[in-house]
$ cat final_16.pdb   # PDB, C-alpha atoms and all ligand atoms
ATOM      1  CA  MET A   1      81.730 131.756  65.043  1.00  0.00           C
ATOM      2  CA  VAL A   2      84.579 131.827  67.551  1.00  0.00           C
ATOM      3  CA  TYR A   3      83.792 131.041  71.172  1.00  0.00           C
ATOM      4  CA  ASN A   4      86.240 132.705  73.511  1.00  0.00           C
ATOM      5  CA  PHE A   5      85.813 131.150  76.942  1.00  0.00           C
ATOM      6  CA  SER A   6      88.437 132.516  79.312  1.00  0.00           C
ATOM      7  CA  ALA A   7      89.246 130.495  82.411  1.00  0.00           C
ATOM      8  CA  ALA A   8      87.640 133.201  84.556  1.00  0.00           C
ATOM      9  CA  LYS A   9      84.403 133.122  82.568  1.00  0.00           C
ATOM     10  CA  LEU A  10      84.292 129.375  82.802  1.00  0.00           C
ATOM     11  CA  LEU A  11      84.800 129.557  86.571  1.00  0.00           C
ATOM     12  CA  ASN A  12      82.006 132.116  86.818  1.00  0.00           C
ATOM     13  CA  THR A  13      79.670 129.742  85.060  1.00  0.00           C
ATOM     14  CA  LEU A  14      80.668 126.752  87.106  1.00  0.00           C
ATOM     15  CA  LEU A  15      80.922 128.316  90.521  1.00  0.00           C
ATOM     16  CA  PRO A  16      78.336 130.992  91.246  1.00  0.00           C
ATOM     17  CA  VAL A  17      78.939 131.927  94.886  1.00  0.00           C
ATOM     18  CA  SER A  18      77.140 134.098  97.395  1.00  0.00           C
ATOM     19  CA  CYS A  19      78.683 137.235  98.851  1.00  0.00           C
ATOM     20  CA  GLY A  20      80.514 136.703 102.146  1.00  0.00           C
ATOM     21  CA  LEU A  21      79.086 139.971 103.500  1.00  0.00           C
ATOM     22  CA  CYS A  22      75.523 140.407 102.178  1.00  0.00           C
ATOM     23  CA  ASN A  23      74.756 136.910 100.877  1.00  0.00           C
ATOM     24  CA  ALA A  24      73.651 138.158  97.432  1.00  0.00           C
ATOM     25  CA  SER A  25      74.857 136.169  94.431  1.00  0.00           C
ATOM     26  CA  THR A  26      78.224 137.533  93.302  1.00  0.00           C
ATOM     27  CA  ASN A  27      77.652 136.369  89.710  1.00  0.00           C
ATOM     28  CA  SER A  28      81.297 135.368  89.670  1.00  0.00           C
ATOM     29  CA  HIS A  29      83.829 133.049  91.282  1.00  0.00           C
ATOM     30  CA  LEU A  30      84.798 135.846  93.692  1.00  0.00           C
ATOM     31  CA  PRO A  31      83.432 135.694  97.238  1.00  0.00           C
ATOM     32  CA  LEU A  32      82.179 139.328  97.397  1.00  0.00           C
ATOM     33  CA  CYS A  33      79.549 141.047  95.266  1.00  0.00           C
ATOM     34  CA  LEU A  34      80.648 144.182  93.405  1.00  0.00           C
ATOM     35  CA  PRO A  35      78.754 146.679  95.637  1.00  0.00           C
ATOM     36  CA  CYS A  36      80.341 145.176  98.797  1.00  0.00           C
ATOM     37  CA  ARG A  37      83.751 145.121  97.130  1.00  0.00           C
ATOM     38  CA  ASP A  38      83.400 148.786  96.130  1.00  0.00           C
ATOM     39  CA  GLU A  39      82.640 149.705  99.739  1.00  0.00           C
ATOM     40  CA  LEU A  40      85.774 148.110 101.215  1.00  0.00           C
ATOM     41  CA  PRO A  41      87.766 150.833 103.021  1.00  0.00           C
ATOM     42  CA  ALA A  42      90.650 151.642 100.665  1.00  0.00           C
ATOM     43  CA  ILE A  43      93.904 153.220 101.871  1.00  0.00           C
ATOM     44  CA  GLY A  44      94.185 156.359  99.796  1.00  0.00           C
ATOM     45  CA  ASN A  45      97.349 158.414  99.771  1.00  0.00           C
ATOM     46  CA  ALA A  46      99.989 156.842 102.014  1.00  0.00           C
ATOM     47  CA  CYS A  47     103.681 156.913 102.916  1.00  0.00           C
ATOM     48  CA  ARG A  48     105.576 155.132 100.150  1.00  0.00           C
ATOM     49  CA  SER A  49     107.897 153.488 102.673  1.00  0.00           C
ATOM     50  CA  CYS A  50     105.445 152.216 105.318  1.00  0.00           C
ATOM     51  CA  ALA A  51     101.949 152.591 103.772  1.00  0.00           C
ATOM     52  CA  MET A  52     100.689 154.699 106.670  1.00  0.00           C
ATOM     53  CA  PRO A  53      97.889 156.975 105.377  1.00  0.00           C
ATOM     54  CA  MET A  54      98.945 160.625 105.093  1.00  0.00           C
ATOM     55  CA  THR A  55      97.987 163.673 103.075  1.00  0.00           C
ATOM     56  CA  ALA A  56     101.436 164.563 101.683  1.00  0.00           C
ATOM     57  CA  THR A  57     103.280 162.525  99.073  1.00  0.00           C
ATOM     58  CA  GLY A  58     106.613 160.750  99.600  1.00  0.00           C
ATOM     59  CA  SER A  59     107.733 159.274 102.913  1.00  0.00           C
ATOM     60  CA  CYS A  60     106.397 160.083 106.390  1.00  0.00           C
ATOM     61  CA  GLY A  61     108.577 161.779 109.019  1.00  0.00           C
ATOM     62  CA  SER A  62     109.330 158.532 110.785  1.00  0.00           C
ATOM     63  CA  CYS A  63     110.556 156.844 107.561  1.00  0.00           C
ATOM     64  CA  GLN A  64     112.589 159.922 106.637  1.00  0.00           C
ATOM     65  CA  ARG A  65     114.394 159.730 109.998  1.00  0.00           C
ATOM     66  CA  LYS A  66     115.091 155.998 109.733  1.00  0.00           C
ATOM     67  CA  HIS A  67     114.613 154.625 106.247  1.00  0.00           C
ATOM     68  CA  PRO A  68     113.058 151.117 106.266  1.00  0.00           C
ATOM     69  CA  SER A  69     114.737 148.274 104.362  1.00  0.00           C
ATOM     70  CA  CYS A  70     111.735 148.050 101.996  1.00  0.00           C
ATOM     71  CA  ASP A  71     112.066 150.546  99.140  1.00  0.00           C
ATOM     72  CA  ASP A  72     108.308 150.837  98.794  1.00  0.00           C
ATOM     73  CA  VAL A  73     105.333 149.335 100.625  1.00  0.00           C
ATOM     74  CA  HIS A  74     101.767 149.170  99.367  1.00  0.00           C
ATOM     75  CA  ALA A  75      98.734 148.346 101.483  1.00  0.00           C
ATOM     76  CA  LEU A  76      95.389 148.221  99.745  1.00  0.00           C
ATOM     77  CA  LEU A  77      92.767 148.326 102.503  1.00  0.00           C
ATOM     78  CA  LEU A  78      92.374 149.595 106.034  1.00  0.00           C
ATOM     79  CA  TYR A  79      92.290 146.787 108.593  1.00  0.00           C
ATOM     80  CA  GLN A  80      88.884 147.641 110.008  1.00  0.00           C
ATOM     81  CA  GLU A  81      85.307 146.384 109.540  1.00  0.00           C
ATOM     82  CA  PRO A  82      84.586 144.448 107.359  1.00  0.00           C
ATOM     83  CA  VAL A  83      88.163 143.806 106.136  1.00  0.00           C
ATOM     84  CA  ASN A  84      89.275 142.368 109.492  1.00  0.00           C
ATOM     85  CA  PHE A  85      86.370 139.893 109.367  1.00  0.00           C
ATOM     86  CA  LEU A  86      87.247 138.821 105.801  1.00  0.00           C
ATOM     87  CA  VAL A  87      90.957 138.453 106.567  1.00  0.00           C
ATOM     88  CA  GLN A  88      90.258 136.409 109.697  1.00  0.00           C
ATOM     89  CA  GLN A  89      87.952 134.112 107.711  1.00  0.00           C
ATOM     90  CA  PHE A  90      90.714 133.710 105.147  1.00  0.00           C
ATOM     91  CA  LYS A  91      93.493 133.198 107.646  1.00  0.00           C
ATOM     92  CA  PHE A  92      91.960 131.116 110.397  1.00  0.00           C
ATOM     93  CA  ASN A  93      88.800 129.605 108.913  1.00  0.00           C
ATOM     94  CA  ARG A  94      90.109 128.088 105.680  1.00  0.00           C
ATOM     95  CA  LYS A  95      88.116 130.497 103.485  1.00  0.00           C
ATOM     96  CA  LEU A  96      90.760 130.244 100.794  1.00  0.00           C
ATOM     97  CA  GLU A  97      88.453 131.732  98.165  1.00  0.00           C
ATOM     98  CA  TYR A  98      89.297 135.138  99.636  1.00  0.00           C
ATOM     99  CA  SER A  99      92.828 134.830  98.274  1.00  0.00           C
ATOM    100  CA  ARG A 100      91.385 135.254  94.754  1.00  0.00           C
ATOM    101  CA  LEU A 101      89.591 138.441  95.718  1.00  0.00           C
ATOM    102  CA  PHE A 102      92.560 139.910  97.595  1.00  0.00           C
ATOM    103  CA  SER A 103      95.051 138.996  94.879  1.00  0.00           C
ATOM    104  CA  GLU A 104      92.866 140.644  92.232  1.00  0.00           C
ATOM    105  CA  ILE A 105      92.923 143.854  94.270  1.00  0.00           C
ATOM    106  CA  MET A 106      96.701 143.507  94.684  1.00  0.00           C
ATOM    107  CA  ALA A 107      97.132 142.923  90.936  1.00  0.00           C
ATOM    108  CA  GLU A 108      95.441 146.249  90.168  1.00  0.00           C
ATOM    109  CA  LYS A 109      97.989 147.957  92.425  1.00  0.00           C
ATOM    110  CA  MET A 110     100.866 145.985  90.912  1.00  0.00           C
ATOM    111  CA  ASP A 111      99.886 147.286  87.479  1.00  0.00           C
ATOM    112  CA  SER A 112     100.340 150.864  88.658  1.00  0.00           C
ATOM    113  CA  LEU A 113     103.864 150.428  90.090  1.00  0.00           C
ATOM    114  CA  ASP A 114     106.795 152.203  88.403  1.00  0.00           C
ATOM    115  CA  GLN A 115     108.994 149.136  88.769  1.00  0.00           C
ATOM    116  CA  ARG A 116     107.621 145.656  88.306  1.00  0.00           C
ATOM    117  CA  PRO A 117     109.204 143.109  90.704  1.00  0.00           C
ATOM    118  CA  ASP A 118     111.115 140.090  89.362  1.00  0.00           C
ATOM    119  CA  VAL A 119     109.763 137.616  91.932  1.00  0.00           C
ATOM    120  CA  LEU A 120     106.918 137.490  94.471  1.00  0.00           C
ATOM    121  CA  ILE A 121     107.707 135.848  97.800  1.00  0.00           C
ATOM    122  CA  PRO A 122     105.285 135.142 100.659  1.00  0.00           C
ATOM    123  CA  VAL A 123     106.050 135.930 104.295  1.00  0.00           C
ATOM    124  CA  PRO A 124     106.991 132.384 105.334  1.00  0.00           C
ATOM    125  CA  LEU A 125     105.392 130.457 108.170  1.00  0.00           C
ATOM    126  CA  HIS A 126     107.516 128.231 110.391  1.00  0.00           C
ATOM    127  CA  SER A 127     107.083 124.582 109.313  1.00  0.00           C
ATOM    128  CA  SER A 128     105.336 123.655 112.581  1.00  0.00           C
ATOM    129  CA  ARG A 129     102.747 126.428 112.145  1.00  0.00           C
ATOM    130  CA  LEU A 130     102.300 125.468 108.495  1.00  0.00           C
ATOM    131  CA  ARG A 131     101.565 121.915 109.616  1.00  0.00           C
ATOM    132  CA  SER A 132      98.966 122.970 112.170  1.00  0.00           C
ATOM    133  CA  ARG A 133      97.209 125.539 109.933  1.00  0.00           C
ATOM    134  CA  GLY A 134      97.528 123.502 106.769  1.00  0.00           C
ATOM    135  CA  TYR A 135      98.302 126.451 104.516  1.00  0.00           C
ATOM    136  CA  ASN A 136     100.239 129.697 104.453  1.00  0.00           C
ATOM    137  CA  GLN A 137      97.807 132.495 103.683  1.00  0.00           C
ATOM    138  CA  ALA A 138     100.634 134.686 102.306  1.00  0.00           C
ATOM    139  CA  TRP A 139     101.603 131.954  99.830  1.00  0.00           C
ATOM    140  CA  GLU A 140      97.965 131.617  98.736  1.00  0.00           C
ATOM    141  CA  LEU A 141      98.020 135.346  97.950  1.00  0.00           C
ATOM    142  CA  ALA A 142     101.430 135.278  96.231  1.00  0.00           C
ATOM    143  CA  ARG A 143     100.633 132.341  93.978  1.00  0.00           C
ATOM    144  CA  HIS A 144      97.273 133.790  92.871  1.00  0.00           C
ATOM    145  CA  LEU A 145      98.909 137.171  92.313  1.00  0.00           C
ATOM    146  CA  SER A 146     101.540 135.415  90.237  1.00  0.00           C
ATOM    147  CA  THR A 147      98.872 133.754  88.078  1.00  0.00           C
ATOM    148  CA  ILE A 148      97.144 137.083  87.422  1.00  0.00           C
ATOM    149  CA  THR A 149     100.254 139.214  86.831  1.00  0.00           C
ATOM    150  CA  GLY A 150     102.604 136.652  85.269  1.00  0.00           C
ATOM    151  CA  ILE A 151     105.322 137.581  87.788  1.00  0.00           C
ATOM    152  CA  PRO A 152     107.014 134.398  89.066  1.00  0.00           C
ATOM    153  CA  SER A 153     106.482 133.474  92.720  1.00  0.00           C
ATOM    154  CA  SER A 154     108.577 131.324  95.035  1.00  0.00           C
ATOM    155  CA  HIS A 155     108.161 130.105  98.602  1.00  0.00           C
ATOM    156  CA  LYS A 156     111.660 128.630  98.621  1.00  0.00           C
ATOM    157  CA  ILE A 157     113.698 131.834  98.578  1.00  0.00           C
ATOM    158  CA  CYS A 158     112.953 132.981 102.117  1.00  0.00           C
ATOM    159  CA  GLN A 159     112.370 130.542 104.956  1.00  0.00           C
ATOM    160  CA  ARG A 160     111.473 131.017 108.597  1.00  0.00           C
ATOM    161  CA  ILE A 161     114.178 129.261 110.548  1.00  0.00           C
ATOM    162  CA  LYS A 162     113.124 130.320 114.033  1.00  0.00           C
ATOM    163  CA  LYS A 163     109.677 129.768 115.472  1.00  0.00           C
ATOM    164  CA  THR A 164     108.386 133.078 116.740  1.00  0.00           C
ATOM    165  CA  PRO A 165     105.376 133.551 119.009  1.00  0.00           C
ATOM    166  CA  LEU A 166     102.242 135.021 117.380  1.00  0.00           C
ATOM    167  CA  GLN A 167     102.843 138.741 117.115  1.00  0.00           C
ATOM    168  CA  THR A 168      99.316 139.785 118.058  1.00  0.00           C
ATOM    169  CA  GLY A 169      99.238 142.156 121.017  1.00  0.00           C
ATOM    170  CA  LEU A 170     102.987 142.755 121.116  1.00  0.00           C
ATOM    171  CA  LYS A 171     104.669 146.162 121.015  1.00  0.00           C
ATOM    172  CA  ALA A 172     106.861 147.090 118.046  1.00  0.00           C
ATOM    173  CA  SER A 173     110.077 146.635 120.048  1.00  0.00           C
ATOM    174  CA  GLU A 174     108.947 143.179 121.241  1.00  0.00           C
ATOM    175  CA  ARG A 175     108.063 142.209 117.650  1.00  0.00           C
ATOM    176  CA  ARG A 176     111.474 143.299 116.423  1.00  0.00           C
ATOM    177  CA  ARG A 177     113.213 141.282 119.145  1.00  0.00           C
ATOM    178  CA  ASN A 178     111.114 138.190 118.287  1.00  0.00           C
ATOM    179  CA  LEU A 179     111.945 138.452 114.607  1.00  0.00           C
ATOM    180  CA  LYS A 180     115.686 138.819 114.995  1.00  0.00           C
ATOM    181  CA  GLN A 181     117.349 136.102 112.929  1.00  0.00           C
ATOM    182  CA  ALA A 182     113.992 134.455 112.219  1.00  0.00           C
ATOM    183  CA  PHE A 183     114.457 134.391 108.436  1.00  0.00           C
ATOM    184  CA  ALA A 184     117.061 132.954 106.079  1.00  0.00           C
ATOM    185  CA  ILE A 185     117.594 133.322 102.329  1.00  0.00           C
ATOM    186  CA  LYS A 186     118.029 129.981 100.613  1.00  0.00           C
ATOM    187  CA  GLN A 187     118.604 130.939  96.965  1.00  0.00           C
ATOM    188  CA  ASP A 188     120.709 133.368  94.962  1.00  0.00           C
ATOM    189  CA  ILE A 189     118.787 136.649  94.739  1.00  0.00           C
ATOM    190  CA  ASN A 190     121.678 138.905  93.801  1.00  0.00           C
ATOM    191  CA  GLY A 191     120.469 141.922  91.817  1.00  0.00           C
ATOM    192  CA  LEU A 192     116.782 140.931  91.904  1.00  0.00           C
ATOM    193  CA  HIS A 193     113.767 143.073  92.749  1.00  0.00           C
ATOM    194  CA  LEU A 194     111.674 141.049  95.200  1.00  0.00           C
ATOM    195  CA  CYS A 195     108.147 141.729  96.366  1.00  0.00           C
ATOM    196  CA  ILE A 196     107.186 140.398  99.810  1.00  0.00           C
ATOM    197  CA  VAL A 197     103.483 139.488  99.932  1.00  0.00           C
ATOM    198  CA  ASP A 198     101.447 139.277 103.153  1.00  0.00           C
ATOM    199  CA  ASP A 199      97.881 139.576 104.395  1.00  0.00           C
ATOM    200  CA  VAL A 200      98.122 142.150 107.183  1.00  0.00           C
ATOM    201  CA  MET A 201     100.734 144.735 108.147  1.00  0.00           C
ATOM    202  CA  THR A 202     100.608 145.867 111.760  1.00  0.00           C
ATOM    203  CA  THR A 203     103.832 147.604 112.788  1.00  0.00           C
ATOM    204  CA  GLY A 204     105.828 146.607 109.709  1.00  0.00           C
ATOM    205  CA  SER A 205     108.374 144.678 111.781  1.00  0.00           C
ATOM    206  CA  THR A 206     107.940 141.435 109.795  1.00  0.00           C
ATOM    207  CA  LEU A 207     108.405 143.204 106.443  1.00  0.00           C
ATOM    208  CA  GLU A 208     111.406 145.039 107.837  1.00  0.00           C
ATOM    209  CA  ALA A 209     113.033 141.846 109.135  1.00  0.00           C
ATOM    210  CA  ILE A 210     112.599 140.041 105.802  1.00  0.00           C
ATOM    211  CA  ALA A 211     113.572 143.048 103.667  1.00  0.00           C
ATOM    212  CA  SER A 212     116.689 143.463 105.770  1.00  0.00           C
ATOM    213  CA  VAL A 213     117.882 139.867 105.151  1.00  0.00           C
ATOM    214  CA  LEU A 214     116.965 140.147 101.452  1.00  0.00           C
ATOM    215  CA  LYS A 215     119.085 143.275 101.112  1.00  0.00           C
ATOM    216  CA  SER A 216     121.966 141.652 103.003  1.00  0.00           C
ATOM    217  CA  ALA A 217     121.739 138.734 100.542  1.00  0.00           C
ATOM    218  CA  GLY A 218     122.119 141.106  97.587  1.00  0.00           C
ATOM    219  CA  ALA A 219     118.562 142.051  96.574  1.00  0.00           C
ATOM    220  CA  ALA A 220     118.647 145.191  94.437  1.00  0.00           C
ATOM    221  CA  ARG A 221     115.196 146.344  95.497  1.00  0.00           C
ATOM    222  CA  VAL A 222     112.486 145.164  97.909  1.00  0.00           C
ATOM    223  CA  THR A 223     108.793 146.014  97.657  1.00  0.00           C
ATOM    224  CA  GLY A 224     106.139 145.103 100.219  1.00  0.00           C
ATOM    225  CA  MET A 225     102.558 144.353  99.178  1.00  0.00           C
ATOM    226  CA  VAL A 226      99.885 143.643 101.787  1.00  0.00           C
ATOM    227  CA  VAL A 227      96.114 143.334 101.692  1.00  0.00           C
ATOM    228  CA  ALA A 228      95.403 145.453 104.735  1.00  0.00           C
ATOM    229  CA  ARG A 229      97.189 147.763 107.124  1.00  0.00           C
ATOM    230  CA  VAL A 230      96.417 148.334 110.768  1.00  0.00           C
ATOM    231  CA  VAL A 231      96.328 152.070 111.427  1.00  0.00           C
ATOM    232  CA  LEU A 232      96.982 152.623 115.116  1.00  0.00           C
TER     233      LEU A 232
HETATM  234 ZN    ZN A 301      77.650 141.772  98.999  1.00  0.00          ZN
HETATM  235 ZN    ZN A 302     106.393 155.944 106.578  1.00  0.00          ZN
END
$ encode --input "final_16.pdb" --output "structure tokens"
Amino acid sequence: MVYNFSAAKLLNTLLPVSCGLCNASTNSHLPLCLPCRDELPAIGNACRSCAMPMTATGSCGSCQRKHPSCDDVHALLLYQEPVNFLVQQFKFNRKLEYSRLFSEIMAEKMDSLDQRPDVLIPVPLHSSRLRSRGYNQAWELARHLSTITGIPSSHKICQRIKKTPLQTGLKASERRRNLKQAFAIKQDINGLHLCIVDDVMTTGSTLEAIASVLKSAGAARVTGMVVARVVL
């Protein structure tokens, strides 16, 4: 008889956890039970350039007028209850187990893309913020997504060279001004298709700033992949 224990099955056996929303056993290593996961508010049809929900296909009017530097952007969930709670737990409360859940959801989306990226890169944190938080939530997502999909990931390609204030509560124009020259490309990416990974997309100014420097450095294509999108 052949016993086929996958790493995931072994984890399930070793680490039964309770659901972060309803407290029921998840019967897996993931921090949400299946019924709660199925009820997460998914973003259905959305603009391919900025992930804003819309009924038509293609790009929204705003992206048609001024095409963003990202070639395509995918957001999986709406940033509303209970997703905002889960993301905040993940980002500010060291609940790193949520990166497994979110990256599994991202991996399903990645499977459906027409063009598979060459490399996954996280939105970088400035070194001082990385020191105070202890981890970069975007890197946690990118590296788990890399494990699931087999697409290489790197946190060395794009670095944040300017410390920017937290973007929360700022208008789009203020965000753009803050992010000017905040990022630098440190490796040769000529001709590559890169996928920027992040937890939350608010106005899209961070993705735009990074995609813009990636394109200037020779990237052939830039995709954005985020867990949740704020819909204003
Ligand atoms: Zn549950
Ligand atoms: Zn759009």
$ closest_atom_pairs --input "final_16.pdb" --of "chain A" --to "ligand ZN 302 (chain A)" --cutoff "8 Å" --atoms "all atoms listed in the file" --output "JSON lines"
{"residue": "A:Ala46", "atom": "CA", "partner": "A:ZN302", "partner_atom": "ZN", "distance": 7.9}
{"residue": "A:Cys47", "atom": "CA", "partner": "A:ZN302", "partner_atom": "ZN", "distance": 4.7}
{"residue": "A:Arg48", "atom": "CA", "partner": "A:ZN302", "partner_atom": "ZN", "distance": 6.5}
{"residue": "A:Ser49", "atom": "CA", "partner": "A:ZN302", "partner_atom": "ZN", "distance": 4.9}
{"residue": "A:Cys50", "atom": "CA", "partner": "A:ZN302", "partner_atom": "ZN", "distance": 4.0}
{"residue": "A:Ala51", "atom": "CA", "partner": "A:ZN302", "partner_atom": "ZN", "distance": 6.2}
{"residue": "A:Met52", "atom": "CA", "partner": "A:ZN302", "partner_atom": "ZN", "distance": 5.8}
{"residue": "A:Ser59", "atom": "CA", "partner": "A:ZN302", "partner_atom": "ZN", "distance": 5.1}
{"residue": "A:Cys60", "atom": "CA", "partner": "A:ZN302", "partner_atom": "ZN", "distance": 4.1}
{"residue": "A:Gly61", "atom": "CA", "partner": "A:ZN302", "partner_atom": "ZN", "distance": 6.7}
{"residue": "A:Ser62", "atom": "CA", "partner": "A:ZN302", "partner_atom": "ZN", "distance": 5.7}
{"residue": "A:Cys63", "atom": "CA", "partner": "A:ZN302", "partner_atom": "ZN", "distance": 4.4}
{"residue": "A:Gln64", "atom": "CA", "partner": "A:ZN302", "partner_atom": "ZN", "distance": 7.4}
$ residues_around --input "final_16.pdb" --residues "region 125-142 of chain A" --least-positions-apart "2" --cutoff "8 Å" --atoms "all atoms listed in the file" --output "list of chain:residue names"
A:Phe90, A:Lys91, A:Phe92, A:Leu96, A:Ser99, A:Arg100, A:Phe102, A:Ser103, A:Leu120, A:Ile121, A:Pro122, A:Val123, A:His144, A:Leu145, A:Ser146, A:Ser153, A:His155, A:Gln159, A:Arg160, A:Ile161, A:Lys162, A:Lys163, A:Val197, A:Asp198, A:Asp199
$ residues_near_ligand --input "final_16.pdb" --ligand "ligand ZN 301 (chain A)" --cutoff "7 Å" --atoms "only C-alpha atoms and all ligand atoms" --output "ChimeraX atom specification"
/A:19-24,32-36
$ atom_distance --input "final_16.pdb" --atom1 "CA of Ile105 (chain A)" --atom2 "CA of Leu76 (chain A)"
7.4 Å
$ axis_aligned_box --input "final_16.pdb" --around "region 24-42 of chain A" --padding-each-side "3 Å" --output "lines of an AutoDock Vina configuration file"
center_x = 82.2
center_y = 142.3
center_z = 96.3
size_x = 23.0
size_y = 24.6
size_z = 19.4
$ residues_around --input "final_16.pdb" --residues "Arg176 (chain A)" --least-positions-apart "5" --cutoff "8 Å" --atoms "only C-alpha atoms" --output "MDAnalysis selection string"
chainID A and resid 205:206 209
$ resolve_selection --input "final_16.pdb" --expression "the PyMOL selection byres (((chain A and resi 189) around 12) and not hetatm)" --output "PyMOL selection string"
chain A and resi 118-121+154+156-158+185-188+190-195+213-222
$ closest_residue --input "final_16.pdb" --among "A:Ser69, A:Ser25, A:Gln80, A:Thr147" --to "Gly224 (chain A)" --atoms "only C-alpha atoms"
A:Ser69
$ atom_distance --input "final_16.pdb" --atom1 "CA of Glu81 (chain A)" --atom2 "CA of Val231 (chain A)"
12.5 Å
$ atom_distance --input "final_16.pdb" --atom1 "CA of Lys66 (chain A)" --atom2 "CA of Asn45 (chain A)"
20.5 Å
$ residues_around --input "final_16.pdb" --residues "Glu208 (chain A)" --least-positions-apart "4" --cutoff "7 Å" --atoms "all atoms listed in the file" --output "ChimeraX atom specification"
/A:68-70,204,212
$ closest_residue --input "final_16.pdb" --among "A:Gln89, A:Asn27, A:Gln115, A:Thr57" --to "Asp71 (chain A)" --atoms "all atoms listed in the file"
A:Gln115
$ closest_residue --input "final_16.pdb" --among "A:Ile151, A:Val227, A:Glu108, A:Val73" --to "Gly58 (chain A)" --atoms "all atoms listed in the file"
A:Val73
